[in-house]
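Here is the file structure_35.cif (mmCIF, C-alpha atoms (C1' of nucleotides)).
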data_data
#
loop_
_atom_site.group_PDB
_atom_site.id
_atom_site.type_symbol
_atom_site.label_atom_id
_atom_site.label_comp_id
_atom_site.auth_asym_id
_atom_site.auth_seq_id
_atom_site.Cartn_x
_atom_site.Cartn_y
_atom_site.Cartn_z
ATOM 1 C CA MET Q 1 109.503 100.427 104.130
ATOM 2 C CA PRO Q 2 112.348 98.057 103.353
ATOM 3 C CA GLN Q 3 110.301 96.281 100.769
ATOM 4 C CA ALA Q 4 112.870 93.567 100.275
ATOM 5 C CA LYS Q 5 112.581 92.135 103.760
ATOM 6 C CA ASN Q 6 108.830 92.448 103.956
ATOM 7 C CA ASP Q 7 108.425 89.633 101.501
ATOM 8 C CA LEU Q 8 109.541 87.266 104.215
ATOM 9 C CA PHE Q 9 106.243 87.674 106.040
ATOM 10 C CA ASP Q 10 102.752 86.335 105.474
ATOM 11 C CA GLU Q 11 100.841 88.247 102.856
ATOM 12 C CA ASP Q 12 98.079 88.865 105.351
ATOM 13 C CA LEU Q 13 100.464 90.545 107.728
ATOM 14 C CA GLN Q 14 102.025 92.572 104.971
ATOM 15 C CA GLU Q 15 98.689 93.802 103.764
ATOM 16 C CA LEU Q 16 97.475 94.679 107.216
ATOM 17 C CA ALA Q 17 100.709 96.445 108.062
ATOM 18 C CA GLN Q 18 100.311 98.418 104.873
ATOM 19 C CA LEU Q 19 96.844 99.514 105.920
ATOM 20 C CA TYR Q 20 98.018 100.493 109.369
ATOM 21 C CA LYS Q 21 100.884 102.434 107.900
ATOM 22 C CA ALA Q 22 98.421 104.541 105.971
ATOM 23 C CA LEU Q 23 96.821 105.413 109.304
ATOM 24 C CA ALA Q 24 100.096 106.078 111.059
ATOM 25 C CA HIS Q 25 100.018 109.828 110.666
ATOM 26 C CA PRO Q 26 97.694 112.289 112.411
ATOM 27 C CA ALA Q 27 97.242 114.309 109.220
ATOM 28 C CA ARG Q 28 95.893 111.286 107.409
ATOM 29 C CA LEU Q 29 93.592 110.398 110.278
ATOM 30 C CA GLN Q 30 92.311 113.945 110.267
ATOM 31 C CA ILE Q 31 91.726 113.838 106.539
ATOM 32 C CA LEU Q 32 89.754 110.622 106.830
ATOM 33 C CA LYS Q 33 87.635 112.027 109.622
ATOM 34 C CA PHE Q 34 87.034 115.194 107.676
ATOM 35 C CA LEU Q 35 85.938 113.290 104.607
ATOM 36 C CA ALA Q 36 83.613 111.196 106.716
ATOM 37 C CA SER Q 37 82.015 114.282 108.208
ATOM 38 C CA ARG Q 38 81.023 115.640 104.817
ATOM 39 C CA ASP Q 39 77.705 114.463 103.493
ATOM 40 C CA ALA Q 40 78.723 115.429 100.008
ATOM 41 C CA CYS Q 41 82.183 114.204 99.195
ATOM 42 C CA PHE Q 42 83.320 117.727 98.638
ATOM 43 C CA CYS Q 43 86.975 118.509 98.920
ATOM 44 C CA GLY Q 44 89.851 120.755 98.025
ATOM 45 C CA ASP Q 45 89.435 122.691 101.232
ATOM 46 C CA ILE Q 46 91.084 119.812 103.016
ATOM 47 C CA THR Q 47 94.133 121.958 102.736
ATOM 48 C CA GLU Q 48 92.512 124.606 104.885
ATOM 49 C CA VAL Q 49 91.685 122.159 107.638
ATOM 50 C CA VAL Q 50 94.994 120.356 107.912
ATOM 51 C CA PRO Q 51 97.769 122.447 109.452
ATOM 52 C CA LEU Q 52 100.300 121.630 106.775
ATOM 53 C CA GLY Q 53 101.332 123.000 103.427
ATOM 54 C CA ARG Q 54 99.255 122.245 100.368
ATOM 55 C CA THR Q 55 101.798 120.011 98.709
ATOM 56 C CA THR Q 56 102.254 118.011 101.861
ATOM 57 C CA VAL Q 57 98.525 117.479 102.208
ATOM 58 C CA ASN Q 58 98.401 116.399 98.609
ATOM 59 C CA GLN Q 59 101.100 113.887 99.336
ATOM 60 C CA HIS Q 60 99.089 112.438 102.202
ATOM 61 C CA LEU Q 61 96.061 112.261 99.943
ATOM 62 C CA THR Q 62 98.112 110.280 97.466
ATOM 63 C CA GLU Q 63 99.150 107.899 100.242
ATOM 64 C CA LEU Q 64 95.566 107.366 101.270
ATOM 65 C CA LYS Q 65 94.509 106.779 97.712
ATOM 66 C CA LYS Q 66 97.310 104.278 97.244
ATOM 67 C CA ALA Q 67 96.097 102.489 100.350
ATOM 68 C CA GLY Q 68 92.619 102.351 98.870
ATOM 69 C CA LEU Q 69 91.036 104.296 101.710
ATOM 70 C CA ILE Q 70 89.915 107.248 99.629
ATOM 71 C CA GLN Q 71 89.215 107.973 96.010
ATOM 72 C CA GLY Q 72 89.312 111.173 94.040
ATOM 73 C CA THR Q 73 87.766 112.296 90.819
ATOM 74 C CA THR Q 74 88.876 115.382 89.017
ATOM 75 C CA ARG Q 75 86.209 117.512 87.473
ATOM 76 C CA GLY Q 76 87.214 120.779 86.008
ATOM 77 C CA ALA Q 77 89.979 122.482 87.874
ATOM 78 C CA LYS Q 78 88.947 120.975 91.201
ATOM 79 C CA THR Q 79 89.215 117.489 92.521
ATOM 80 C CA ASN Q 80 86.683 115.731 94.669
ATOM 81 C CA TYR Q 81 87.947 113.318 97.246
ATOM 82 C CA CYS Q 82 85.843 110.958 99.261
ATOM 83 C CA LEU Q 83 86.146 107.846 101.340
ATOM 84 C CA ASN Q 84 86.481 104.571 99.519
ATOM 85 C CA GLN Q 85 83.968 102.495 101.379
ATOM 86 C CA GLN Q 86 85.540 99.298 100.139
ATOM 87 C CA GLY Q 87 88.840 100.246 101.698
ATOM 88 C CA VAL Q 88 87.223 101.308 104.931
ATOM 89 C CA ASP Q 89 85.351 98.035 105.087
ATOM 90 C CA LYS Q 90 88.567 96.157 104.544
ATOM 91 C CA LEU Q 91 90.143 98.078 107.377
ATOM 92 C CA ASN Q 92 87.255 97.218 109.632
ATOM 93 C CA THR Q 93 87.222 93.553 108.742
ATOM 94 C CA HIS Q 94 90.927 92.834 108.821
ATOM 95 C CA GLY Q 95 91.667 95.193 111.666
ATOM 96 C CA LEU Q 96 88.955 93.823 113.862
ATOM 97 C CA SER Q 97 89.877 90.228 113.261
ATOM 98 C CA PHE Q 98 93.457 91.002 114.139
ATOM 99 C CA CYS Q 99 92.520 92.858 117.286
ATOM 100 C CA ASN Q 100 90.292 89.998 118.315
ATOM 101 C CA SER Q 101 93.141 87.573 117.861
ATOM 102 C CA LEU Q 102 95.024 89.561 120.473
ATOM 103 C CA GLN Q 103 92.258 89.303 123.006
ATOM 104 C CA SER Q 104 92.953 85.686 123.878
ATOM 105 C CA LYS Q 105 95.513 84.902 126.490
ATOM 106 C CA SER Q 106 96.620 87.636 128.768
ATOM 107 C CA CYS Q 107 99.241 87.319 131.429
ATOM 108 C CA GLU Q 108 97.195 85.328 133.862
ATOM 109 C CA SER Q 109 100.228 83.423 134.993
ATOM 110 C CA SER Q 110 102.691 85.028 137.337
ATOM 111 C CA ASN Q 111 105.427 85.218 134.769
ATOM 112 C CA CYS Q 112 105.044 88.861 133.921
ATOM 113 C CA MET Y 1 108.190 110.813 112.515
ATOM 114 C CA PRO Y 2 108.549 114.577 112.214
ATOM 115 C CA GLN Y 3 107.647 115.095 115.796
ATOM 116 C CA ALA Y 4 107.762 118.861 115.509
ATOM 117 C CA LYS Y 5 104.821 119.111 113.148
ATOM 118 C CA ASN Y 6 102.777 116.462 114.884
ATOM 119 C CA ASP Y 7 102.084 118.814 117.731
ATOM 120 C CA LEU Y 8 99.810 120.746 115.427
ATOM 121 C CA PHE Y 9 97.213 118.001 115.573
ATOM 122 C CA ASP Y 10 94.663 116.900 118.146
ATOM 123 C CA GLU Y 11 96.124 114.814 120.901
ATOM 124 C CA ASP Y 12 93.626 112.087 120.146
ATOM 125 C CA LEU Y 13 94.800 111.847 116.584
ATOM 126 C CA GLN Y 14 98.430 111.906 117.605
ATOM 127 C CA GLU Y 15 97.933 109.129 120.084
ATOM 128 C CA LEU Y 16 95.977 106.981 117.677
ATOM 129 C CA ALA Y 17 98.499 107.555 114.907
ATOM 130 C CA GLN Y 18 101.199 106.486 117.328
ATOM 131 C CA LEU Y 19 99.364 103.263 118.047
ATOM 132 C CA TYR Y 20 98.855 102.552 114.383
ATOM 133 C CA LYS Y 21 102.471 103.247 113.682
ATOM 134 C CA ALA Y 22 103.422 100.523 116.105
ATOM 135 C CA LEU Y 23 101.326 98.157 114.009
ATOM 136 C CA ALA Y 24 102.692 99.353 110.706
ATOM 137 C CA HIS Y 25 105.245 96.607 110.288
ATOM 138 C CA PRO Y 26 104.576 92.939 109.564
ATOM 139 C CA ALA Y 27 107.247 91.826 112.020
ATOM 140 C CA ARG Y 28 105.505 93.632 114.849
ATOM 141 C CA LEU Y 29 102.135 92.213 113.874
ATOM 142 C CA GLN Y 30 103.661 88.759 113.823
ATOM 143 C CA ILE Y 31 105.197 89.277 117.232
ATOM 144 C CA LEU Y 32 101.882 90.366 118.694
ATOM 145 C CA LYS Y 33 100.108 87.383 117.218
ATOM 146 C CA PHE Y 34 102.787 85.073 118.487
ATOM 147 C CA LEU Y 35 102.563 86.452 121.981
ATOM 148 C CA ALA Y 36 98.806 86.101 121.915
ATOM 149 C CA SER Y 37 99.073 82.467 120.871
ATOM 150 C CA ARG Y 38 101.111 81.536 123.905
ATOM 151 C CA ASP Y 39 99.179 80.552 126.976
ATOM 152 C CA ALA Y 40 102.167 81.264 129.119
ATOM 153 C CA CYS Y 41 103.757 84.556 128.231
ATOM 154 C CA PHE Y 42 106.979 82.794 127.395
ATOM 155 C CA CYS Y 43 109.394 84.440 125.054
ATOM 156 C CA GLY Y 44 112.925 84.746 123.793
ATOM 157 C CA ASP Y 45 112.237 82.365 120.978
ATOM 158 C CA ILE Y 46 110.443 85.170 119.222
ATOM 159 C CA THR Y 47 113.689 85.531 117.416
ATOM 160 C CA GLU Y 48 113.302 82.079 115.964
ATOM 161 C CA VAL Y 49 109.850 82.800 114.624
ATOM 162 C CA VAL Y 50 110.470 86.161 113.035
ATOM 163 C CA PRO Y 51 112.579 86.015 109.875
ATOM 164 C CA LEU Y 52 114.919 88.793 110.934
ATOM 165 C CA GLY Y 53 118.121 89.158 112.868
ATOM 166 C CA ARG Y 54 118.075 89.098 116.636
ATOM 167 C CA THR Y 55 118.967 92.721 117.105
ATOM 168 C CA THR Y 56 116.298 93.813 114.681
ATOM 169 C CA VAL Y 57 113.658 91.787 116.479
ATOM 170 C CA ASN Y 58 114.786 93.302 119.713
ATOM 171 C CA GLN Y 59 114.367 96.723 118.207
ATOM 172 C CA HIS Y 60 110.802 95.905 117.207
ATOM 173 C CA LEU Y 61 110.141 94.619 120.699
ATOM 174 C CA THR Y 62 111.353 97.919 122.064
ATOM 175 C CA GLU Y 63 108.986 99.738 119.723
ATOM 176 C CA LEU Y 64 106.060 97.661 120.875
ATOM 177 C CA LYS Y 65 106.967 98.192 124.492
ATOM 178 C CA LYS Y 66 107.218 101.917 123.918
ATOM 179 C CA ALA Y 67 103.751 101.840 122.379
ATOM 180 C CA GLY Y 68 102.455 100.047 125.475
ATOM 181 C CA LEU Y 69 101.300 96.998 123.558
ATOM 182 C CA ILE Y 70 103.632 94.546 125.239
ATOM 183 C CA GLN Y 71 105.577 94.336 128.441
ATOM 184 C CA GLY Y 72 108.676 92.443 129.335
ATOM 185 C CA THR Y 73 110.208 91.325 132.588
ATOM 186 C CA THR Y 74 113.746 90.099 132.850
ATOM 187 C CA ARG Y 75 114.386 87.133 135.063
ATOM 188 C CA GLY Y 76 117.794 85.688 135.039
ATOM 189 C CA ALA Y 77 119.436 85.751 131.666
ATOM 190 C CA LYS Y 78 116.153 85.510 129.809
ATOM 191 C CA THR Y 79 113.398 88.009 129.340
ATOM 192 C CA ASN Y 80 109.723 87.231 129.290
ATOM 193 C CA TYR Y 81 107.576 89.285 126.991
ATOM 194 C CA CYS Y 82 103.832 89.285 126.939
ATOM 195 C CA LEU Y 83 100.946 91.350 125.705
ATOM 196 C CA ASN Y 84 100.032 94.395 127.704
ATOM 197 C CA GLN Y 85 96.317 93.952 127.928
ATOM 198 C CA GLN Y 86 95.845 97.586 128.788
ATOM 199 C CA GLY Y 87 97.498 98.639 125.565
ATOM 200 C CA VAL Y 88 95.561 96.123 123.531
ATOM 201 C CA ASP Y 89 92.332 97.337 125.075
ATOM 202 C CA LYS Y 90 93.248 100.872 124.226
ATOM 203 C CA LEU Y 91 93.891 99.841 120.657
ATOM 204 C CA ASN Y 92 90.532 98.153 120.489
ATOM 205 C CA THR Y 93 88.636 101.043 122.006
ATOM 206 C CA HIS Y 94 90.235 103.904 120.149
ATOM 207 C CA GLY Y 95 90.653 102.019 116.926
ATOM 208 C CA LEU Y 96 87.082 100.867 116.848
ATOM 209 C CA SER Y 97 85.664 104.261 117.614
ATOM 210 C CA PHE Y 98 87.729 105.747 114.845
ATOM 211 C CA CYS Y 99 86.710 103.127 112.348
ATOM 212 C CA ASN Y 100 83.093 103.632 113.281
ATOM 213 C CA SER Y 101 83.436 107.326 112.680
ATOM 214 C CA LEU Y 102 84.385 106.498 109.128
ATOM 215 C CA GLN Y 103 81.313 104.408 108.531
ATOM 216 C CA SER Y 104 78.996 107.376 108.223
ATOM 217 C CA LYS Y 105 78.553 109.034 104.887
ATOM 218 C CA SER Y 106 79.732 107.223 101.870
ATOM 219 C CA CYS Y 107 79.636 108.560 98.371
ATOM 220 C CA GLU Y 108 75.932 108.224 97.836
ATOM 221 C CA SER Y 109 75.854 111.340 95.754
ATOM 222 C CA SER Y 110 77.023 111.191 92.186
ATOM 223 C CA ASN Y 111 80.053 113.305 92.807
ATOM 224 C CA CYS Y 112 82.595 110.561 92.949
ATOM 225 C "C1'" DA N 1 93.065 135.642 74.635
ATOM 226 C "C1'" DA N 2 94.731 136.765 79.207
ATOM 227 C "C1'" DT N 3 94.588 136.364 84.135
ATOM 228 C "C1'" DG N 4 94.092 133.829 88.203
ATOM 229 C "C1'" DA N 5 93.012 129.625 90.767
ATOM 230 C "C1'" DT N 6 93.414 124.605 91.499
ATOM 231 C "C1'" DT N 7 96.041 120.705 91.555
ATOM 232 C "C1'" DG N 8 99.221 116.905 90.296
ATOM 233 C "C1'" DA N 9 104.159 116.018 89.236
ATOM 234 C "C1'" DC N 10 108.903 116.659 90.267
ATOM 235 C "C1'" DG N 11 112.883 117.696 93.076
ATOM 236 C "C1'" DT N 12 115.048 118.053 97.591
ATOM 237 C "C1'" DA N 13 116.561 118.550 102.399
ATOM 238 C "C1'" DA N 14 115.835 116.905 106.884
ATOM 239 C "C1'" DA N 15 114.022 113.434 109.908
ATOM 240 C "C1'" DA N 16 112.657 108.839 111.073
ATOM 241 C "C1'" DG N 17 112.559 103.860 110.337
ATOM 242 C "C1'" DT N 18 114.855 99.482 109.269
ATOM 243 C "C1'" DA N 19 118.331 95.994 109.594
ATOM 244 C "C1'" DC N 20 122.338 94.367 111.422
ATOM 245 C "C1'" DG N 21 127.155 93.919 113.642
ATOM 246 C "C1'" DT N 22 129.541 94.437 117.813
ATOM 247 C "C1'" DC N 23 130.097 95.048 122.640
ATOM 248 C "C1'" DG N 24 129.334 94.519 127.552
ATOM 249 C "C1'" DA N 25 126.605 92.877 131.381
ATOM 250 C "C1'" DT N 26 124.372 89.178 133.509
ATOM 251 C "C1'" DA N 27 123.410 84.530 134.463
ATOM 252 C "C1'" DT N 28 123.288 79.492 133.714
ATOM 253 C "C1'" DG N 29 125.865 75.223 133.644
ATOM 254 C "C1'" DA N 30 129.942 72.393 133.371
ATOM 255 C "C1'" DT V 1 136.006 79.519 137.815
ATOM 256 C "C1'" DC V 2 135.393 79.394 132.938
ATOM 257 C "C1'" DA V 3 132.836 78.826 128.952
ATOM 258 C "C1'" DT V 4 128.481 79.602 126.999
ATOM 259 C "C1'" DA V 5 124.092 81.781 126.183
ATOM 260 C "C1'" DT V 6 120.776 85.612 126.488
ATOM 261 C "C1'" DC V 7 119.837 90.184 125.787
ATOM 262 C "C1'" DG V 8 119.914 95.308 126.007
ATOM 263 C "C1'" DA V 9 122.767 99.315 124.448
ATOM 264 C "C1'" DC V 10 125.307 101.496 120.980
ATOM 265 C "C1'" DG V 11 126.901 102.580 116.396
ATOM 266 C "C1'" DT V 12 125.965 102.638 111.494
ATOM 267 C "C1'" DA V 13 124.595 102.100 106.642
ATOM 268 C "C1'" DC V 14 120.664 102.350 103.929
ATOM 269 C "C1'" DT V 15 115.888 103.264 102.845
ATOM 270 C "C1'" DT V 16 111.627 105.571 103.523
ATOM 271 C "C1'" DT V 17 108.817 109.278 105.114
ATOM 272 C "C1'" DT V 18 107.796 113.964 105.727
ATOM 273 C "C1'" DA V 19 107.428 118.661 104.486
ATOM 274 C "C1'" DC V 20 107.790 122.052 101.270
ATOM 275 C "C1'" DG V 21 109.105 124.937 97.070
ATOM 276 C "C1'" DT V 22 108.686 125.183 92.258
ATOM 277 C "C1'" DC V 23 106.738 124.122 87.886
ATOM 278 C "C1'" DA V 24 103.413 122.977 84.341
ATOM 279 C "C1'" DA V 25 98.810 121.711 82.993
ATOM 280 C "C1'" DT V 26 94.011 122.498 83.245
ATOM 281 C "C1'" DC V 27 90.074 125.069 83.844
ATOM 282 C "C1'" DA V 28 87.028 129.221 85.046
ATOM 283 C "C1'" DT V 29 86.544 134.092 84.503
ATOM 284 C "C1'" DT V 30 87.112 138.217 82.547
#
Written as structure tokens, how would this file's structure read?
Amino acid sequence: MPQAKNDLFDEDLQELAQLYKALAHPARLQILKFLASRDACFCGDITEVVPLGRTTVNQHLTELKKAGLIQGTTRGAKTNYCLNQQGVDKLNTHGLSFCNSLQSKSCESSNC
Amino acid sequence: MPQAKNDLFDEDLQELAQLYKALAHPARLQILKFLASRDACFCGDITEVVPLGRTTVNQHLTELKKAGLIQGTTRGAKTNYCLNQQGVDKLNTHGLSFCNSLQSKSCESSNC
DNA sequence: AATGATTGACGTAAAAGTACGTCGATATGA
DNA sequence: TCATATCGACGTACTTTTACGTCAATCATT
């Protein structure tokens, strides 16, 4: 993102946009869903599920971690990734409140 | 986006990612909020609210229209933009169901 | 110790996004 | 009619994202 210009906006909007950006790729959505479907936060085979190269998947994982939506702990040679419930909660809270703010006035007048 | 590779994913995920991408910029979030705050779907002065050049704002408006979140009708020299309630509903429905799908298993085990 | 597997870090090429200037078309008002 | 204003279309410079190959470090296994 053109970081420079983003500073002109409300922090709330910046933060929310940042969250949405983390979700703006099908691979990342798939990863999140996959992690949610696992009762144990087992990982590493994410690579086998996502139809992309290993390094690319890793890059998406890094993005998600940076966004605070997942967390990963390395033990031994393998790394365990799992959802960061805090981040998911944040997404729910902020996202919902934004969506609700859009519910208000629709085009009841004849203008559009 | 690398459109080519996106076809490898579920249509649902692609569509949702597309929606989120439309929200992945503070200017676009601000525009949506602004439109929602207007009882009449009056516009054109969006440019005055968003701290960016006119052409850039217009570009963001085009993005939002492409995503189906707003609609615009030109009358005379001016153009009226307003929320597309259908698109907003879609965002609410799909977005919520996705977020809910993330609620499930957190890291209750000691792995992470 | 040596081999193989896992994974993050780094580099890079191609694609997409961002921001803006300019132009032309249309329309409002003097 | 002429000047002015609005706005979409187009071009463009710059940044970011995406996708992947390669490398090095770490660990498990032999």
One decimal place gives the atom CA of Y:Gly53-atom CA of Q:Leu8 separation as 12.3 Å
The PyMOL selection byres ((chain N) within 9 of (chain Q)) - which residues does that actually catch in the file I just gave you? List them as a list in words. DA5, DT6, DT7, DG8, DG17, DT18 and DA19 of chain N
Kindly indicate which residue among Y:Asn92, Y:Asn6, Y:Ser37, Y:Gln71 lies nearest to chain V, using all atoms listed in the file for the distances. Y:Asn6
Quick check: residues of chain Y within 8 Å of chain Q, all atoms listed in the file, returned as a PyMOL selection string. chain Y and resi 6+8-10+13-14+16-21+23-27+29-30+32-33+36-42+51+71-73+80-85+88+91-92+96+99+101-107+109+111-112
Going by the chain IDs and residue numbers used in this file, which residues fall under the PyMOL selection byres ((chain V) within 10 of (chain Y))? Write them as a ChimeraX atom specification. /V:5-8,17-19
For V:DT29, list every protein, DNA or RNA residue within 12 Å, evaluated using all atoms listed in the file, and leave out those in the same chain fewer than 3 positions away; present the list as number ranges by chain. N: 1-5
Quick one: which residues end up in the PyMOL selection byres ((chain N and resi 13) around 10) for this structure, as an mmCIF file with C-alpha atoms (C1' of nucleotides), in the frame of the given file?
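Output saved as out.cif:
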data_model
loop_
_atom_site.group_PDB
_atom_site.id
_atom_site.type_symbol
_atom_site.label_atom_id
_atom_site.label_comp_id
_atom_site.auth_asym_id
_atom_site.auth_seq_id
_atom_site.Cartn_x
_atom_site.Cartn_y
_atom_site.Cartn_z
ATOM 1 C "C1'" DT N 12 115.048 118.053 97.591
ATOM 2 C "C1'" DA N 14 115.835 116.905 106.884
ATOM 3 C "C1'" DA N 15 114.022 113.434 109.908
ATOM 4 C "C1'" DA V 19 107.428 118.661 104.486
ATOM 5 C "C1'" DC V 20 107.790 122.052 101.270
#
What does the distance between atom CA of Q:Gly87 and atom CA of Q:Leu61 come to in Å, to one decimal place?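 Distance between the two atoms: 14.1 Å.
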Can you work out the spacing between atom CA of Q:Gly68 and atom CA of Q:Lys90 in Å, to one decimal?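 Separation of atom CA of Q:Gly68 and atom CA of Q:Lys90: 9.3 Å.
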Mind checking which residues fall within 10 Å of V:DA9, counting only C-alpha atoms (C1' of nucleotides), ignoring those fewer than 2 positions away in the same chain, and posting them as a ChimeraX atom specification? /N:23-24 /V:7,11
Output of the above residues as a CSV table (one decimal), keeping the file's coordinate frame, restricted to C-alpha atoms (C1' of nucleotides):
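Result saved to selection-v1.csv:
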chain,number,residue,atom,x,y,z
N,23,DC,C1',130.1,95.0,122.6
N,24,DG,C1',129.3,94.5,127.6
V,7,DC,C1',119.8,90.2,125.8
V,11,DG,C1',126.9,102.6,116.4
